[in-house]
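Chemist: Have a look at the structure that comes next, please.
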Amino acid sequence: MSSVLQPATSGQDLESPSTVGTYRPISSHLAITPPVSVVIPAMNEAENLPYVFKTLPGWIHEVVLVDGNSTDDTVQVARDLWPGVKVVGQQGRGKGDALITGFEACSGDIIVMVDADGSADGNEIVSYVSALVSGADFAKGSRFANGGGTDDMTFIRRLGNGVLCALVNRKFGARYTDLCYGYNAFWRHCLDKIELDCTGFEVETLMNIRVVKAGLKVQEIPSHEYLRIHGVSNLRAVRDGLRVLRVILGERSNRRALRRMVRRSPMLDSGRGEAS
């Protein structure tokens with residue numbers, strides 16, 4: 001894992017010859033070395049893309065737009081807004097299939113998932129990336145962590161999300177405050193440890209479960225979800241809720257194996273010795 005937190009001292013020029021090509025400036029206080037790829041699955045989102053792209057930080061290494069056979073100007077709008085955008089045509093169907101397609105096309109060390117409906121604020125990406133370069137493997141967005149929020153969740157969806165989240169926490173030993181949210185970021189190496197094999201909206205839940213099962217370090221990031229700006233979502237609360245439930249019930253818990261691994265960890269044993 002390549003990660004560097006580089007504090008910028010007062011008066012330091014982040015664009016000096018010694019740093020160009022080595023550090024990627026994020027702010028006056030933070031620079032990183034790993035390139036960041038942003039994956040945006042989109043189908044007929046031409047009207048929403050201007051709102052999405054205007055919040056994306058300029059220091060992003062690449063934007064990968066996965067086009068789900070749009071019949072509007074989604075692809076052209078994306079190219080006009082971000083001339084270097086990498087457009088990948090989706091061969092299958094569903095959000096899960098689109099994300100998997102996008103992940104395969106990424107060249108960055110860090111991958112960020114962003115929805116194309118304008119509900120996510122790209123300015124939050126710095127929080128996700130900061131968590132990753134500080135030691136997390138998977139930065140998971142949460143609308144219900146302290147500082148998060150949502151403008152786009154009905155009572156039924158909120159109730160369902162809460163019940164499903166509690167079920168995952170109990171079955172897999174997670175400590176999530178939010179489950180069905182698509183704004184996440186992770187190191188590319190995580191894909192080698194979580195095999196993604198679903199095509200629908202339940203892909204986010206599958207990822208959340210399998211990073212826990214793989215023993216990866218997860219950090220929740222408070223995030224605010226805004227209303228979709230144009231169009232109608234393809235999400236169906238009951239239908240997709242049942243698909244999420246099937247994924248949860250279909251995944252076998254390995255909590256006992258993880259506990260044994262933790263107990264046998266030499267690092268943990270040495271830490272206990274120092275504390276005693």
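Within each chain, counting starts at residue 1; across the structure tokens, chains are named A, B, ... in the order shown, with ligands numbered 1 upward in that order.
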Which neighbours of A:Asp192 fall inside 12 Å, counting only C-alpha atoms, when residues of the same chain fewer than 5 positions from it are skipped, and could you give them as a list of chain:residue names?
Modeler: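 After dropping sequence-adjacent residues, the list is A:Phe103, A:Glu104, A:Phe186, A:Trp187, A:Arg210, A:Val211, A:Ala214, A:Leu216.
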Chemist: Since we have the selection now, will you write its residues out, keeping N, CA, C and O atoms, as a PDB file, in the first residue's frame?
Modeler:
ATOM      1  N   PHE A 103     -14.487  -0.508 -11.861  1.00  0.00           N
ATOM      2  CA  PHE A 103     -13.313  -0.862 -11.062  1.00  0.00           C
ATOM      3  C   PHE A 103     -12.216  -1.469 -11.936  1.00  0.00           C
ATOM      4  O   PHE A 103     -11.033  -1.180 -11.756  1.00  0.00           O
ATOM      5  N   GLU A 104     -12.622  -2.314 -12.871  1.00  0.00           N
ATOM      6  CA  GLU A 104     -11.645  -2.967 -13.748  1.00  0.00           C
ATOM      7  C   GLU A 104     -10.934  -1.956 -14.643  1.00  0.00           C
ATOM      8  O   GLU A 104      -9.791  -2.183 -15.056  1.00  0.00           O
ATOM      9  N   PHE A 186     -11.861   3.068  -1.367  1.00  0.00           N
ATOM     10  CA  PHE A 186     -11.040   1.972  -0.877  1.00  0.00           C
ATOM     11  C   PHE A 186      -9.749   1.880  -1.679  1.00  0.00           C
ATOM     12  O   PHE A 186      -9.641   2.403  -2.794  1.00  0.00           O
ATOM     13  N   TRP A 187      -8.766   1.211  -1.062  1.00  0.00           N
ATOM     14  CA  TRP A 187      -7.538   0.908  -1.783  1.00  0.00           C
ATOM     15  C   TRP A 187      -7.820  -0.181  -2.818  1.00  0.00           C
ATOM     16  O   TRP A 187      -8.573  -1.106  -2.564  1.00  0.00           O
ATOM     17  N   ARG A 210     -18.220  -8.110   2.976  1.00  0.00           N
ATOM     18  CA  ARG A 210     -17.000  -8.846   2.655  1.00  0.00           C
ATOM     19  C   ARG A 210     -15.727  -8.145   3.120  1.00  0.00           C
ATOM     20  O   ARG A 210     -14.724  -8.803   3.372  1.00  0.00           O
ATOM     21  N   VAL A 211     -15.751  -6.821   3.262  1.00  0.00           N
ATOM     22  CA  VAL A 211     -14.560  -6.170   3.824  1.00  0.00           C
ATOM     23  C   VAL A 211     -14.410  -6.535   5.302  1.00  0.00           C
ATOM     24  O   VAL A 211     -13.283  -6.686   5.799  1.00  0.00           O
ATOM     25  N   ALA A 214     -13.143 -10.092   5.463  1.00  0.00           N
ATOM     26  CA  ALA A 214     -11.740 -10.171   5.076  1.00  0.00           C
ATOM     27  C   ALA A 214     -10.809  -9.599   6.140  1.00  0.00           C
ATOM     28  O   ALA A 214      -9.587  -9.671   5.991  1.00  0.00           O
ATOM     29  N   LEU A 216     -10.492  -6.430   6.908  1.00  0.00           N
ATOM     30  CA  LEU A 216      -9.950  -5.144   6.497  1.00  0.00           C
ATOM     31  C   LEU A 216     -10.352  -4.045   7.484  1.00  0.00           C
ATOM     32  O   LEU A 216     -11.401  -4.121   8.122  1.00  0.00           O
TER      33      LEU A 216
END
Chemist: Find the residues of stretch 16-103 of chain A that sit at most 12 Å from stretch 133-139 of chain A; for each, write down the nearest two atoms and how far apart they are in Å, to one decimal. Count only C-alpha atoms. Sort by chain, then by number going up, and give it as CSV.
Modeler:
residue,atom,partner,partner_atom,distance
A:Leu30,CA,A:Val133,CA,10.6
A:Ala31,CA,A:Val133,CA,10.0
A:Ile32,CA,A:Val133,CA,7.6
A:Thr33,CA,A:Val133,CA,9.2
A:Pro34,CA,A:Val133,CA,8.6
A:Pro35,CA,A:Val133,CA,11.3
A:Val36,CA,A:Val133,CA,11.2
Chemist: Write the residues you've just listed into a file as a compact mmCIF listing (two decimals), in the first residue's frame, and include N, CA and C atoms for each of them.
Modeler:
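Generated file (out-v9.txt):
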# COMPACT_ATOMS: atom_id res chain seq x y z
N LEU A 30 -2.16 19.23 3.21
CA LEU A 30 -2.15 17.80 2.91
C LEU A 30 -1.80 17.55 1.44
N ALA A 31 -0.89 16.60 1.23
CA ALA A 31 -0.58 16.13 -0.11
C ALA A 31 -0.42 14.62 -0.03
N ILE A 32 -0.70 13.93 -1.13
CA ILE A 32 -0.62 12.47 -1.14
C ILE A 32 0.14 12.00 -2.37
N THR A 33 0.63 10.78 -2.31
CA THR A 33 1.28 10.20 -3.48
C THR A 33 0.36 9.33 -4.33
N PRO A 34 -0.59 8.57 -3.75
CA PRO A 34 -1.36 7.64 -4.59
C PRO A 34 -2.36 8.35 -5.50
N PRO A 35 -2.45 7.93 -6.76
CA PRO A 35 -3.46 8.48 -7.67
C PRO A 35 -4.85 8.00 -7.28
N VAL A 36 -5.84 8.87 -7.45
CA VAL A 36 -7.22 8.59 -7.05
C VAL A 36 -8.10 8.51 -8.29
Chemist: Run DSSP on the backbone of this structure and report the residues of stretch 80-273 of chain A it assigns to strand (DSSP E or B), as number ranges by chain.
Modeler: A: 86-89, 110-113, 138-142, 149-150, 184-187, 218-222, 224-225
Chemist: Output C-alpha atoms for every residue in the selection just made, as a PDB file, in the first residue's frame.
Modeler:
ATOM      1  CA  LYS A  86     -12.441   7.657 -19.360  1.00  0.00           C
ATOM      2  CA  VAL A  87     -15.752   6.396 -20.758  1.00  0.00           C
ATOM      3  CA  VAL A  88     -16.455   2.677 -20.472  1.00  0.00           C
ATOM      4  CA  GLY A  89     -19.522   1.083 -22.034  1.00  0.00           C
ATOM      5  CA  ILE A 110      -7.479   4.570  -4.535  1.00  0.00           C
ATOM      6  CA  ILE A 111     -10.966   4.095  -5.974  1.00  0.00           C
ATOM      7  CA  VAL A 112     -13.946   6.278  -5.033  1.00  0.00           C
ATOM      8  CA  MET A 113     -17.567   5.357  -5.858  1.00  0.00           C
ATOM      9  CA  PHE A 138     -12.038   0.914   3.255  1.00  0.00           C
ATOM     10  CA  ALA A 139     -13.653   4.319   3.861  1.00  0.00           C
ATOM     11  CA  LYS A 140     -17.392   3.801   4.172  1.00  0.00           C
ATOM     12  CA  GLY A 141     -19.785   6.711   3.826  1.00  0.00           C
ATOM     13  CA  SER A 142     -22.498   7.001   6.470  1.00  0.00           C
ATOM     14  CA  GLY A 149     -27.382  13.397   7.024  1.00  0.00           C
ATOM     15  CA  THR A 150     -29.856  12.708   4.247  1.00  0.00           C
ATOM     16  CA  ASN A 184     -17.431   4.712  -0.530  1.00  0.00           C
ATOM     17  CA  ALA A 185     -13.686   4.638  -1.212  1.00  0.00           C
ATOM     18  CA  PHE A 186     -11.040   1.972  -0.877  1.00  0.00           C
ATOM     19  CA  TRP A 187      -7.538   0.908  -1.783  1.00  0.00           C
ATOM     20  CA  VAL A 218     -12.984   0.083   7.897  1.00  0.00           C
ATOM     21  CA  GLN A 219     -13.551   3.721   8.843  1.00  0.00           C
ATOM     22  CA  GLU A 220     -16.943   5.373   8.513  1.00  0.00           C
ATOM     23  CA  ILE A 221     -17.027   8.840   6.972  1.00  0.00           C
ATOM     24  CA  PRO A 222     -19.929  11.179   7.816  1.00  0.00           C
ATOM     25  CA  HIS A 224     -24.652  14.118   3.512  1.00  0.00           C
ATOM     26  CA  GLU A 225     -26.980  12.708   0.876  1.00  0.00           C
TER      27      GLU A 225
END
Chemist: For atom CA of A:Arg239 and atom CA of A:Thr74, determine how far apart the two atoms are, in Å to one decimal place.
Modeler: 27.0 Å
Chemist: Expressed in Å to a single decimal, how great is the separation between atom CA of A:Glu45 and atom CA of A:Asp178?
Modeler: 25.6 Å
